[in-house]
$ cat run.pdb   # PDB, C-alpha atoms
ATOM      1  CA  MET A  18     -43.139   5.099  24.913
ATOM      2  CA  ALA A  19     -41.216   5.604  21.698
ATOM      3  CA  SER A  20     -37.467   5.847  22.049
ATOM      4  CA  ARG A  21     -35.824   9.201  21.578
ATOM      5  CA  ALA A  22     -34.327   8.007  18.333
ATOM      6  CA  SER A  23     -37.731   6.864  17.083
ATOM      7  CA  SER A  24     -39.342  10.187  18.013
ATOM      8  CA  THR A  25     -36.881  11.923  15.728
ATOM      9  CA  GLY A  26     -37.608   9.559  12.878
ATOM     10  CA  ARG A  27     -34.298   7.703  13.167
ATOM     11  CA  ALA A  28     -34.328   3.912  13.050
ATOM     12  CA  THR A  29     -33.358   2.237  16.323
ATOM     13  CA  LEU A  30     -31.799  -1.100  17.216
ATOM     14  CA  GLU A  31     -35.247  -2.278  18.365
ATOM     15  CA  ASP A  32     -36.771  -1.296  15.000
ATOM     16  CA  LEU A  33     -34.121  -3.325  13.226
ATOM     17  CA  ALA A  34     -34.710  -6.319  15.538
ATOM     18  CA  ARG A  35     -38.470  -6.290  14.857
ATOM     19  CA  LEU A  36     -37.926  -6.131  11.103
ATOM     20  CA  THR A  37     -35.497  -9.059  11.050
ATOM     21  CA  GLY A  38     -37.344 -11.157  13.613
ATOM     22  CA  VAL A  39     -34.477 -11.519  16.065
ATOM     23  CA  SER A  40     -33.628  -9.991  19.427
ATOM     24  CA  ALA A  41     -31.928  -6.612  19.835
ATOM     25  CA  ILE A  42     -29.019  -8.443  21.487
ATOM     26  CA  THR A  43     -28.541 -10.553  18.371
ATOM     27  CA  VAL A  44     -28.602  -7.463  16.155
ATOM     28  CA  SER A  45     -26.030  -5.795  18.389
ATOM     29  CA  ARG A  46     -23.836  -8.911  18.279
ATOM     30  CA  ALA A  47     -24.007  -8.968  14.462
ATOM     31  CA  PHE A  48     -22.526  -5.467  14.342
ATOM     32  CA  ARG A  49     -20.000  -5.757  17.152
ATOM     33  CA  HIS A  50     -18.877  -9.368  16.587
ATOM     34  CA  PRO A  51     -19.955 -10.394  13.065
ATOM     35  CA  GLU A  52     -17.926 -13.588  13.316
ATOM     36  CA  LYS A  53     -20.290 -14.812  16.058
ATOM     37  CA  VAL A  54     -23.421 -14.906  13.890
ATOM     38  CA  SER A  55     -24.147 -16.821  10.702
ATOM     39  CA  GLU A  56     -23.255 -15.235   7.390
ATOM     40  CA  ASP A  57     -26.902 -15.407   6.250
ATOM     41  CA  LEU A  58     -28.165 -13.633   9.380
ATOM     42  CA  ARG A  59     -25.467 -11.002   9.196
ATOM     43  CA  ARG A  60     -26.432 -10.223   5.608
ATOM     44  CA  ARG A  61     -30.139 -10.040   6.474
ATOM     45  CA  ILE A  62     -29.474  -7.626   9.315
ATOM     46  CA  GLN A  63     -27.151  -5.498   7.177
ATOM     47  CA  GLN A  64     -29.695  -5.382   4.335
ATOM     48  CA  ALA A  65     -32.421  -4.313   6.748
ATOM     49  CA  ALA A  66     -30.140  -1.666   8.215
ATOM     50  CA  ASP A  67     -29.401  -0.332   4.735
ATOM     51  CA  ASP A  68     -33.121  -0.252   3.841
ATOM     52  CA  MET A  69     -34.015   1.587   7.066
ATOM     53  CA  GLY A  70     -31.024   3.924   7.006
ATOM     54  CA  TYR A  71     -29.976   2.627  10.415
ATOM     55  CA  VAL A  72     -26.801   4.113  11.935
ATOM     56  CA  ARG A  73     -25.243   2.562  15.029
ATOM     57  CA  ASN A  74     -25.204   4.688  18.169
ATOM     58  CA  ARG A  75     -21.595   4.114  19.184
ATOM     59  CA  ALA A  76     -21.879   6.341  22.258
ATOM     60  CA  ALA A  77     -24.639   4.120  23.631
ATOM     61  CA  SER A  78     -22.694   0.976  22.748
ATOM     62  CA  ALA A  79     -19.637   2.310  24.530
ATOM     63  CA  LEU A  80     -21.625   3.009  27.682
ATOM     64  CA  ALA A  81     -23.212  -0.445  27.624
ATOM     65  CA  SER A  82     -20.001  -2.353  26.974
ATOM     66  CA  ASN A  83     -17.519  -0.046  28.719
ATOM     67  CA  ARG A  84     -15.656   0.103  25.400
ATOM     68  CA  SER A  85     -15.280   2.923  22.915
ATOM     69  CA  MET A  86     -14.615   0.570  19.955
ATOM     70  CA  ASN A  87     -11.881   3.022  18.948
ATOM     71  CA  ILE A  88      -8.205   2.211  18.443
ATOM     72  CA  ALA A  89      -5.564   4.963  18.293
ATOM     73  CA  VAL A  90      -2.942   4.397  15.584
ATOM     74  CA  LEU A  91       0.120   6.649  15.357
ATOM     75  CA  VAL A  92       2.544   6.536  12.417
ATOM     76  CA  PRO A  93       5.339   8.915  11.362
ATOM     77  CA  SER A  94       4.060   9.567   7.832
ATOM     78  CA  LEU A  95       1.368   8.756   5.287
ATOM     79  CA  SER A  96       3.351  10.160   2.363
ATOM     80  CA  ASN A  97       5.674   7.196   2.850
ATOM     81  CA  LEU A  98       4.287   4.064   1.163
ATOM     82  CA  VAL A  99       5.815   1.910   3.886
ATOM     83  CA  PHE A 100       3.328   3.189   6.461
ATOM     84  CA  VAL A 101       0.423   3.321   4.007
ATOM     85  CA  GLU A 102       0.763  -0.449   3.594
ATOM     86  CA  THR A 103       1.040  -0.941   7.350
ATOM     87  CA  VAL A 104      -2.123   1.081   7.980
ATOM     88  CA  THR A 105      -3.923  -0.908   5.270
ATOM     89  CA  GLY A 106      -3.183  -4.116   7.190
ATOM     90  CA  ILE A 107      -4.310  -2.567  10.470
ATOM     91  CA  GLU A 108      -7.553  -1.255   8.996
ATOM     92  CA  LYS A 109      -8.457  -4.626   7.517
ATOM     93  CA  VAL A 110      -8.276  -6.368  10.887
ATOM     94  CA  PHE A 111     -10.081  -3.662  12.845
ATOM     95  CA  ARG A 112     -12.843  -3.280  10.263
ATOM     96  CA  GLU A 113     -13.594  -7.006  10.457
ATOM     97  CA  HIS A 114     -14.052  -6.674  14.230
ATOM     98  CA  GLY A 115     -16.128  -3.492  14.285
ATOM     99  CA  TYR A 116     -13.423  -1.116  15.505
ATOM    100  CA  GLN A 117     -12.717   2.363  14.193
ATOM    101  CA  MET A 118      -9.249   3.913  13.914
ATOM    102  CA  LEU A 119      -8.194   7.250  15.343
ATOM    103  CA  MET A 120      -5.375   7.954  12.870
ATOM    104  CA  GLY A 121      -2.510  10.241  13.821
ATOM    105  CA  VAL A 122       0.613  11.294  11.912
ATOM    106  CA  ASN A 123       3.475  12.614  14.050
ATOM    107  CA  HIS A 124       5.853  13.608  11.204
ATOM    108  CA  TYR A 125       8.785  11.863  12.936
ATOM    109  CA  SER A 126       8.446  14.303  15.848
ATOM    110  CA  ALA A 127       8.463  13.064  19.459
ATOM    111  CA  GLU A 128       6.774  16.335  20.461
ATOM    112  CA  GLU A 129       3.935  15.842  17.971
ATOM    113  CA  GLU A 130       3.595  12.231  19.068
ATOM    114  CA  GLU A 131       3.070  13.328  22.666
ATOM    115  CA  ALA A 132       0.408  15.841  21.591
ATOM    116  CA  LEU A 133      -1.416  13.127  19.633
ATOM    117  CA  VAL A 134      -1.244  10.616  22.477
ATOM    118  CA  ARG A 135      -2.643  13.219  24.870
ATOM    119  CA  ALA A 136      -5.435  14.170  22.449
ATOM    120  CA  TYR A 137      -6.474  10.609  21.606
ATOM    121  CA  LEU A 138      -6.482   9.407  25.217
ATOM    122  CA  ALA A 139      -9.318  11.899  25.756
ATOM    123  CA  PHE A 140     -11.434   9.686  23.452
ATOM    124  CA  ALA A 141     -10.823   6.672  25.741
ATOM    125  CA  PRO A 142      -9.490   4.318  23.046
ATOM    126  CA  ASP A 143      -9.573   0.624  23.854
ATOM    127  CA  GLY A 144      -5.936   0.267  22.768
ATOM    128  CA  MET A 145      -3.129   1.966  20.898
ATOM    129  CA  LEU A 146      -0.661   1.081  18.143
ATOM    130  CA  LEU A 147       2.584   3.069  18.117
ATOM    131  CA  THR A 148       5.513   3.092  15.698
ATOM    132  CA  GLY A 149       8.791   2.260  17.405
ATOM    133  CA  PHE A 150       9.935   2.858  20.978
ATOM    134  CA  ASN A 151      11.516   6.308  20.782
ATOM    135  CA  HIS A 152       9.099   8.240  23.015
ATOM    136  CA  ARG A 153       9.536  11.201  25.325
ATOM    137  CA  ASP A 154       9.583  10.416  29.043
ATOM    138  CA  SER A 155       6.385  12.466  29.396
ATOM    139  CA  THR A 156       4.752  10.371  26.654
ATOM    140  CA  ARG A 157       5.764   7.167  28.435
ATOM    141  CA  ARG A 158       4.132   8.434  31.625
ATOM    142  CA  LEU A 159       0.908   9.206  29.749
ATOM    143  CA  LEU A 160       0.855   5.717  28.276
ATOM    144  CA  GLU A 161       1.554   4.046  31.613
ATOM    145  CA  GLN A 162      -1.191   6.011  33.342
ATOM    146  CA  ALA A 163      -3.702   5.295  30.557
ATOM    147  CA  GLY A 164      -3.839   1.631  31.518
ATOM    148  CA  ILE A 165      -4.756   0.423  28.022
ATOM    149  CA  PRO A 166      -3.060  -2.246  25.874
ATOM    150  CA  ILE A 167      -0.299  -0.906  23.619
ATOM    151  CA  VAL A 168       1.536  -2.650  20.798
ATOM    152  CA  HIS A 169       4.660  -1.240  19.137
ATOM    153  CA  MET A 170       5.244  -1.689  15.411
ATOM    154  CA  MET A 171       8.300  -1.933  13.129
ATOM    155  CA  GLU A 172      10.826  -2.403  15.953
ATOM    156  CA  LEU A 173      11.361  -5.216  18.434
ATOM    157  CA  SER A 174      11.975  -5.117  22.160
ATOM    158  CA  GLU A 175      12.363  -7.716  24.904
ATOM    159  CA  ARG A 176      11.688  -5.072  27.541
ATOM    160  CA  GLU A 177       9.442  -6.252  30.373
ATOM    161  CA  GLY A 178       5.786  -5.558  29.599
ATOM    162  CA  ALA A 179       6.409  -4.449  26.008
ATOM    163  CA  TYR A 180       4.494  -5.911  23.068
ATOM    164  CA  SER A 181       6.019  -5.521  19.619
ATOM    165  CA  VAL A 182       5.703  -6.699  16.019
ATOM    166  CA  GLY A 183       8.412  -5.990  13.457
ATOM    167  CA  PHE A 184      11.853  -7.135  12.391
ATOM    168  CA  SER A 185      15.494  -6.381  13.159
ATOM    169  CA  GLN A 186      16.547  -3.238  11.309
ATOM    170  CA  GLU A 187      20.187  -3.883  12.261
ATOM    171  CA  ALA A 188      20.179  -7.472  10.987
ATOM    172  CA  ALA A 189      18.577  -6.421   7.706
ATOM    173  CA  ALA A 190      21.238  -3.763   7.122
ATOM    174  CA  GLN A 191      24.003  -6.215   8.014
ATOM    175  CA  THR A 192      22.597  -8.657   5.461
ATOM    176  CA  MET A 193      22.644  -6.025   2.720
ATOM    177  CA  THR A 194      26.186  -4.920   3.552
ATOM    178  CA  GLU A 195      27.387  -8.520   3.582
ATOM    179  CA  HIS A 196      25.725  -9.029   0.199
ATOM    180  CA  LEU A 197      27.694  -6.108  -1.256
ATOM    181  CA  LEU A 198      30.893  -7.469   0.271
ATOM    182  CA  SER A 199      30.167 -10.864  -1.265
ATOM    183  CA  ARG A 200      30.043  -9.196  -4.678
ATOM    184  CA  GLY A 201      33.628  -8.045  -4.232
ATOM    185  CA  ARG A 202      32.865  -4.457  -3.204
ATOM    186  CA  GLN A 203      35.547  -2.982  -0.936
ATOM    187  CA  ARG A 204      34.594   0.697  -0.678
ATOM    188  CA  ILE A 205      30.952   0.590   0.415
ATOM    189  CA  ALA A 206      29.184   3.795   1.448
ATOM    190  CA  PHE A 207      26.019   4.284   3.509
ATOM    191  CA  VAL A 208      23.696   7.183   2.673
ATOM    192  CA  ALA A 209      20.645   8.145   4.747
ATOM    193  CA  SER A 210      18.131  10.904   5.367
ATOM    194  CA  GLN A 211      15.298  11.577   7.861
ATOM    195  CA  LEU A 212      17.425   9.884  10.582
ATOM    196  CA  ASP A 213      14.551   8.383  12.548
ATOM    197  CA  PRO A 214      15.402   5.537  14.968
ATOM    198  CA  ARG A 215      14.891   2.847  12.299
ATOM    199  CA  THR A 216      17.258   4.593   9.878
ATOM    200  CA  LEU A 217      19.877   4.938  12.598
ATOM    201  CA  ALA A 218      19.483   1.241  13.401
ATOM    202  CA  ARG A 219      20.238   0.449   9.748
ATOM    203  CA  ASN A 220      23.317   2.612   9.990
ATOM    204  CA  ARG A 221      24.466   0.575  12.993
ATOM    205  CA  GLY A 222      23.905  -2.640  11.065
ATOM    206  CA  TYR A 223      25.984  -1.324   8.158
ATOM    207  CA  ARG A 224      28.766  -0.260  10.505
ATOM    208  CA  ASP A 225      28.851  -3.587  12.316
ATOM    209  CA  ALA A 226      29.281  -5.483   9.044
ATOM    210  CA  ILE A 227      31.800  -3.102   7.457
ATOM    211  CA  ILE A 228      33.910  -2.859  10.653
ATOM    212  CA  LYS A 229      33.922  -6.648  10.933
ATOM    213  CA  ALA A 230      35.283  -6.752   7.368
ATOM    214  CA  GLY A 231      37.992  -4.233   8.335
ATOM    215  CA  LEU A 232      36.822  -1.756   5.699
ATOM    216  CA  TYR A 233      35.146   1.040   7.675
ATOM    217  CA  GLU A 234      35.945   4.608   6.549
ATOM    218  CA  SER A 235      33.990   7.452   8.104
ATOM    219  CA  HIS A 236      33.992   9.604   4.944
ATOM    220  CA  ARG A 237      31.852   6.961   3.237
ATOM    221  CA  GLU A 238      28.917   7.731   5.536
ATOM    222  CA  LEU A 239      26.564  10.535   4.499
ATOM    223  CA  LEU A 240      23.657  11.178   6.876
ATOM    224  CA  VAL A 241      21.375  14.211   6.539
ATOM    225  CA  PRO A 242      18.181  15.193   8.426
ATOM    226  CA  ASP A 243      16.238  16.171   5.283
ATOM    227  CA  GLN A 244      12.964  14.475   4.386
ATOM    228  CA  SER A 245      13.555  11.516   2.082
ATOM    229  CA  SER A 246      12.659  11.749  -1.623
ATOM    230  CA  VAL A 247      13.760  10.466  -5.019
ATOM    231  CA  ALA A 248      15.140  13.918  -5.854
ATOM    232  CA  LEU A 249      17.196  13.973  -2.659
ATOM    233  CA  GLY A 250      18.704  10.620  -3.611
ATOM    234  CA  ALA A 251      20.190  12.176  -6.742
ATOM    235  CA  VAL A 252      21.577  15.120  -4.750
ATOM    236  CA  LEU A 253      23.120  12.877  -2.096
ATOM    237  CA  LEU A 254      24.774  10.607  -4.647
ATOM    238  CA  LYS A 255      26.524  13.623  -6.201
ATOM    239  CA  ARG A 256      27.595  14.815  -2.752
ATOM    240  CA  LEU A 257      28.907  11.387  -1.792
ATOM    241  CA  LEU A 258      30.971  10.996  -4.958
ATOM    242  CA  GLU A 259      32.495  14.422  -4.365
ATOM    243  CA  GLN A 260      33.739  13.414  -0.886
ATOM    244  CA  ALA A 261      34.515   9.760  -1.722
ATOM    245  CA  PRO A 262      34.945   9.482  -5.524
ATOM    246  CA  ASP A 263      36.418   5.966  -5.439
ATOM    247  CA  THR A 264      33.311   4.482  -3.785
ATOM    248  CA  ASP A 265      32.316   1.254  -5.542
ATOM    249  CA  ALA A 266      28.954   0.567  -3.820
ATOM    250  CA  VAL A 267      26.287   2.654  -2.079
ATOM    251  CA  PHE A 268      23.748   1.300   0.391
ATOM    252  CA  PHE A 269      20.881   3.777   0.708
ATOM    253  CA  CYS A 270      18.656   3.664   3.795
ATOM    254  CA  ASN A 271      15.518   3.392   1.646
ATOM    255  CA  ASP A 272      14.372   2.789  -1.916
ATOM    256  CA  ASP A 273      13.352   6.415  -2.564
ATOM    257  CA  LEU A 274      16.935   7.601  -2.244
ATOM    258  CA  ALA A 275      18.303   4.624  -4.174
ATOM    259  CA  GLN A 276      15.913   5.220  -7.060
ATOM    260  CA  GLY A 277      17.026   8.855  -7.251
ATOM    261  CA  ALA A 278      20.644   7.682  -7.311
ATOM    262  CA  LEU A 279      19.914   5.386 -10.266
ATOM    263  CA  PHE A 280      18.492   8.339 -12.193
ATOM    264  CA  GLU A 281      21.592  10.380 -11.374
ATOM    265  CA  CYS A 282      23.873   7.555 -12.508
ATOM    266  CA  LEU A 283      22.009   7.528 -15.817
ATOM    267  CA  ARG A 284      22.476  11.306 -16.167
ATOM    268  CA  GLN A 285      26.185  11.110 -15.393
ATOM    269  CA  GLY A 286      26.846   7.993 -17.464
ATOM    270  CA  ILE A 287      27.893   5.963 -14.401
ATOM    271  CA  ALA A 288      27.550   2.274 -15.215
ATOM    272  CA  VAL A 289      25.491   0.348 -12.648
ATOM    273  CA  PRO A 290      26.621  -2.080 -11.338
ATOM    274  CA  ASP A 291      29.960  -2.235 -13.231
ATOM    275  CA  ARG A 292      31.292   1.073 -11.909
ATOM    276  CA  LEU A 293      28.977   1.523  -8.928
ATOM    277  CA  ALA A 294      26.622  -0.893  -7.183
ATOM    278  CA  VAL A 295      23.428   0.642  -5.751
ATOM    279  CA  ALA A 296      21.199  -0.881  -3.061
ATOM    280  CA  GLY A 297      18.096   0.260  -1.201
ATOM    281  CA  PHE A 298      15.781  -0.814   1.598
ATOM    282  CA  ASN A 299      12.027  -1.684   1.755
ATOM    283  CA  ASP A 300      11.416  -3.113  -1.741
ATOM    284  CA  LEU A 301       8.814  -0.632  -2.944
ATOM    285  CA  ALA A 302       6.781  -1.828  -5.926
ATOM    286  CA  ILE A 303       8.656   0.273  -8.492
ATOM    287  CA  SER A 304      12.074  -1.018  -7.384
ATOM    288  CA  GLU A 305      11.641  -4.191  -9.424
ATOM    289  CA  CYS A 306      10.963  -2.036 -12.512
ATOM    290  CA  THR A 307      13.859   0.425 -12.371
ATOM    291  CA  VAL A 308      16.657   0.172 -14.936
ATOM    292  CA  PRO A 309      18.635  -1.639 -13.714
ATOM    293  CA  SER A 310      16.262  -3.301 -11.246
ATOM    294  CA  LEU A 311      17.112  -2.339  -7.667
ATOM    295  CA  THR A 312      18.664  -4.687  -5.123
ATOM    296  CA  THR A 313      16.917  -4.066  -1.812
ATOM    297  CA  ILE A 314      15.577  -5.514   1.430
ATOM    298  CA  LYS A 315      11.932  -6.622   1.328
ATOM    299  CA  THR A 316      10.222  -5.636   4.565
ATOM    300  CA  PRO A 317       6.865  -7.009   5.825
ATOM    301  CA  ARG A 318       4.974  -3.706   6.108
ATOM    302  CA  TYR A 319       1.438  -5.025   5.515
ATOM    303  CA  GLU A 320       2.069  -8.090   7.667
ATOM    304  CA  VAL A 321       3.319  -5.890  10.528
ATOM    305  CA  GLY A 322      -0.009  -4.018  10.459
ATOM    306  CA  VAL A 323      -2.076  -7.210  10.421
ATOM    307  CA  GLU A 324      -0.151  -8.974  13.202
ATOM    308  CA  ALA A 325       0.078  -5.868  15.401
ATOM    309  CA  ALA A 326      -3.681  -5.333  15.103
ATOM    310  CA  ARG A 327      -4.374  -8.984  15.933
ATOM    311  CA  MET A 328      -2.085  -8.842  18.964
ATOM    312  CA  LEU A 329      -3.770  -5.675  20.224
ATOM    313  CA  LEU A 330      -7.252  -7.161  19.805
ATOM    314  CA  ALA A 331      -6.185 -10.235  21.779
ATOM    315  CA  LEU A 332      -4.931  -7.995  24.590
ATOM    316  CA  ILE A 333      -8.191  -6.003  24.581
ATOM    317  CA  GLU A 334     -10.309  -9.174  24.670
ATOM    318  CA  GLY A 335      -8.156 -10.741  27.371
ATOM    319  CA  ASP A 336      -7.199 -13.621  25.093
ATOM    320  CA  PRO A 337      -3.852 -15.411  25.434
ATOM    321  CA  VAL A 338      -0.914 -13.764  23.640
ATOM    322  CA  PRO A 339       1.661 -16.545  23.173
ATOM    323  CA  ARG A 340       4.472 -14.193  22.176
ATOM    324  CA  LYS A 341       5.045 -10.612  23.330
ATOM    325  CA  MET A 342       7.510 -10.078  20.479
ATOM    326  CA  ILE A 343       6.799 -11.223  16.908
ATOM    327  CA  ASP A 344       9.777 -11.067  14.536
ATOM    328  CA  LEU A 345       8.433 -11.223  10.967
ATOM    329  CA  GLY A 346      11.887 -11.143   9.402
ATOM    330  CA  PHE A 347      12.962  -9.693   6.045
ATOM    331  CA  GLN A 348      14.206 -10.888   2.657
ATOM    332  CA  LEU A 349      17.169  -9.854   0.514
ATOM    333  CA  ARG A 350      16.056  -9.069  -3.051
ATOM    334  CA  ALA A 351      19.275  -9.320  -5.090
ATOM    335  CA  ARG A 352      18.663  -7.739  -8.511
ATOM    336  CA  GLU A 353      20.597  -6.120 -11.356
ATOM    337  CA  SER A 354      21.877  -3.017  -9.531
ATOM    338  CA  THR A 355      24.484  -4.995  -7.566
TER     339      THR A 355
END
$ encode --input "run.pdb" --output "structure tokens"
Amino acid sequence: MASRASSTGRATLEDLARLTGVSAITVSRAFRHPEKVSEDLRRRIQQAADDMGYVRNRAASALASNRSMNIAVLVPSLSNLVFVETVTGIEKVFREHGYQMLMGVNHYSAEEEEALVRAYLAFAPDGMLLTGFNHRDSTRRLLEQAGIPIVHMMELSEREGAYSVGFSQEAAAQTMTEHLLSRGRQRIAFVASQLDPRTLARNRGYRDAIIKAGLYESHRELLVPDQSSVALGAVLLKRLLEQAPDTDAVFFCNDDLAQGALFECLRQGIAVPDRLAVAGFNDLAISECTVPSLTTIKTPRYEVGVEAARMLLALIEGDPVPRKMIDLGFQLRAREST
């Protein structure tokens, strides 16, 4: 009897196996685990699938393997290039292993994150990648009850049972503050927006370093909840210099704000770095091209995505995971602005 798919004119796995002269199991393996078949065979099967217009029946595959081949990925934003690069790394790894992403953007909202977790668990994902550890208690309960592997990105934790890939936000901010101190700056300000957990961790790192130097002054901190942008950076620099006009260096929580500050310095005729040093965080591509070029912290966004995806796949497959916490570090990029 013809299969249901064949009766509707759709190519089936068996049709593809007959055309390529291999078993249906081998065809299935070529799609689900391409690394387990030869490159020549994989190409022959893919060419035949293209010629026949074959489309994999993922629902049937999920029933047969007890896997959905879906991974839920939750990030705070896709307008922020930091997370675009992270998702690019994640997608590369999953695509190579036949997994599809259920992408969710929570807009830095714990409430929206919970709604996304609840919605995506209904699709029975094989695992989940989350940004950070700042979840609602109700979200934590959902995740615990789901019983699927979970890896946290961008932040690190030694908590029992937690898997994480990232770097120390506090240590990176301390390094930048110490760099400004080493350049002879005595009145260093910290300016931030969005105020997500990673931004607040950078603020703690700044404070630790500036307090240790005996130079902390509360009026040199400017933290606002607004969404980060280049334009906001210009506004916040003006506001900072109104409340602390003798400031000689400003450490912005990200490059967007710092770039806006450089534009504002140009408008006001403020010499950078002679009168005012300016530093950012993340090392976005344009930061090397600003005038003057921006001193910043280079963060491993793409690498976080790749390593987090690899760790999650190992957990799904039941493979050994040598380290539950992978610290990818960061790099100081000292340029003309300091």
$ resolve_selection --input "run.pdb" --expression "the PyMOL selection byres ((chain A and resi 278) around 10)" --output "PyMOL selection string"
chain A and resi 247-255+267+269+272-277+279-284+295-297
$ write_last_selection --input "run.pdb" --atoms "C-alpha atoms" --output "CSV table (one decimal), in the coordinates of the input"
chain,number,residue,atom,x,y,z
A,247,VAL,CA,13.8,10.5,-5.0
A,248,ALA,CA,15.1,13.9,-5.9
A,249,LEU,CA,17.2,14.0,-2.7
A,250,GLY,CA,18.7,10.6,-3.6
A,251,ALA,CA,20.2,12.2,-6.7
A,252,VAL,CA,21.6,15.1,-4.8
A,253,LEU,CA,23.1,12.9,-2.1
A,254,LEU,CA,24.8,10.6,-4.6
A,255,LYS,CA,26.5,13.6,-6.2
A,267,VAL,CA,26.3,2.7,-2.1
A,269,PHE,CA,20.9,3.8,0.7
A,272,ASP,CA,14.4,2.8,-1.9
A,273,ASP,CA,13.4,6.4,-2.6
A,274,LEU,CA,16.9,7.6,-2.2
A,275,ALA,CA,18.3,4.6,-4.2
A,276,GLN,CA,15.9,5.2,-7.1
A,277,GLY,CA,17.0,8.9,-7.3
A,279,LEU,CA,19.9,5.4,-10.3
A,280,PHE,CA,18.5,8.3,-12.2
A,281,GLU,CA,21.6,10.4,-11.4
A,282,CYS,CA,23.9,7.6,-12.5
A,283,LEU,CA,22.0,7.5,-15.8
A,284,ARG,CA,22.5,11.3,-16.2
A,295,VAL,CA,23.4,0.6,-5.8
A,296,ALA,CA,21.2,-0.9,-3.1
A,297,GLY,CA,18.1,0.3,-1.2
$ atom_distance --input "run.pdb" --atom1 "atom CA of Met145 of chain A" --atom2 "atom CA of Ser245 of chain A"
26.9 Å
$ residues_around --input "run.pdb" --residues "Asp243 of chain A" --least-positions-apart "3" --cutoff "9 Å" --atoms "only C-alpha atoms" --output "mmCIF file with C-alpha atoms, in the coordinates of the input"
data_model
loop_
_atom_site.group_PDB
_atom_site.id
_atom_site.type_symbol
_atom_site.label_atom_id
_atom_site.label_comp_id
_atom_site.auth_asym_id
_atom_site.auth_seq_id
_atom_site.Cartn_x
_atom_site.Cartn_y
_atom_site.Cartn_z
ATOM 1 C CA SER A 210 18.131 10.904 5.367
ATOM 2 C CA GLN A 211 15.298 11.577 7.861
ATOM 3 C CA LEU A 212 17.425 9.884 10.582
ATOM 4 C CA SER A 246 12.659 11.749 -1.623
ATOM 5 C CA LEU A 249 17.196 13.973 -2.659
#
$ atom_distance --input "run.pdb" --atom1 "atom CA of Leu160 of chain A" --atom2 "atom CA of Tyr125 of chain A"
18.3 Å
$ closest_residue --input "run.pdb" --among "A:Gly346, A:Pro309, A:Pro337, A:Gly222" --to "Val321 of chain A" --atoms "only C-alpha atoms"
A:Gly346
$ atom_distance --input "run.pdb" --atom1 "atom CA of His236 of chain A" --atom2 "atom CA of Ser304 of chain A"
27.3 Å
$ resolve_selection --input "run.pdb" --expression "the PyMOL selection byres ((chain A and resi 54-68) around 9)" --output "PDB file with C-alpha atoms, in the coordinates of the input"
ATOM      1  CA  ALA A  28     -34.328   3.912  13.050  1.00  0.00           C
ATOM      2  CA  LEU A  33     -34.121  -3.325  13.226  1.00  0.00           C
ATOM      3  CA  ALA A  34     -34.710  -6.319  15.538  1.00  0.00           C
ATOM      4  CA  LEU A  36     -37.926  -6.131  11.103  1.00  0.00           C
ATOM      5  CA  THR A  37     -35.497  -9.059  11.050  1.00  0.00           C
ATOM      6  CA  THR A  43     -28.541 -10.553  18.371  1.00  0.00           C
ATOM      7  CA  VAL A  44     -28.602  -7.463  16.155  1.00  0.00           C
ATOM      8  CA  ARG A  46     -23.836  -8.911  18.279  1.00  0.00           C
ATOM      9  CA  ALA A  47     -24.007  -8.968  14.462  1.00  0.00           C
ATOM     10  CA  PHE A  48     -22.526  -5.467  14.342  1.00  0.00           C
ATOM     11  CA  HIS A  50     -18.877  -9.368  16.587  1.00  0.00           C
ATOM     12  CA  PRO A  51     -19.955 -10.394  13.065  1.00  0.00           C
ATOM     13  CA  GLU A  52     -17.926 -13.588  13.316  1.00  0.00           C
ATOM     14  CA  LYS A  53     -20.290 -14.812  16.058  1.00  0.00           C
ATOM     15  CA  MET A  69     -34.015   1.587   7.066  1.00  0.00           C
ATOM     16  CA  GLY A  70     -31.024   3.924   7.006  1.00  0.00           C
ATOM     17  CA  TYR A  71     -29.976   2.627  10.415  1.00  0.00           C
ATOM     18  CA  VAL A  72     -26.801   4.113  11.935  1.00  0.00           C
TER      19      VAL A  72
END
$ residues_around --input "run.pdb" --residues "Ala331 of chain A" --least-positions-apart "5" --cutoff "12 Å" --atoms "all atoms listed in the file" --output "MDAnalysis selection string"
chainID A and resid 110:111 114 143:144 166:168 180 324:326 336:341
$ residues_around --input "run.pdb" --residues "Val122 of chain A" --least-positions-apart "6" --cutoff "9 Å" --atoms "all atoms listed in the file" --output "ChimeraX atom specification"
/A:90-95,129-130,133
$ closest_residue --input "run.pdb" --among "A:Ala206, A:Ile333, A:Leu98, A:Leu173" --to "Leu293 of chain A" --atoms "only C-alpha atoms"
A:Ala206
$ resolve_selection --input "run.pdb" --expression "the PyMOL selection byres ((chain A and resi 217-221) around 9)" --output "short mmCIF file (atom, residue, chain, number, x, y, z; two decimals) with C-alpha atoms, in the frame of the given file"
data_model
loop_
_atom_site.label_atom_id
_atom_site.label_comp_id
_atom_site.auth_asym_id
_atom_site.auth_seq_id
_atom_site.Cartn_x
_atom_site.Cartn_y
_atom_site.Cartn_z
CA SER A 185 15.49 -6.38 13.16
CA GLN A 186 16.55 -3.24 11.31
CA GLU A 187 20.19 -3.88 12.26
CA ALA A 188 20.18 -7.47 10.99
CA ALA A 189 18.58 -6.42 7.71
CA ALA A 190 21.24 -3.76 7.12
CA GLN A 191 24.00 -6.22 8.01
CA PHE A 207 26.02 4.28 3.51
CA VAL A 208 23.70 7.18 2.67
CA ALA A 209 20.64 8.14 4.75
CA LEU A 212 17.42 9.88 10.58
CA ASP A 213 14.55 8.38 12.55
CA PRO A 214 15.40 5.54 14.97
CA ARG A 215 14.89 2.85 12.30
CA THR A 216 17.26 4.59 9.88
CA GLY A 222 23.90 -2.64 11.06
CA TYR A 223 25.98 -1.32 8.16
CA ARG A 224 28.77 -0.26 10.50
CA ASP A 225 28.85 -3.59 12.32
CA ALA A 226 29.28 -5.48 9.04
CA GLU A 238 28.92 7.73 5.54
CA CYS A 270 18.66 3.66 3.80
#
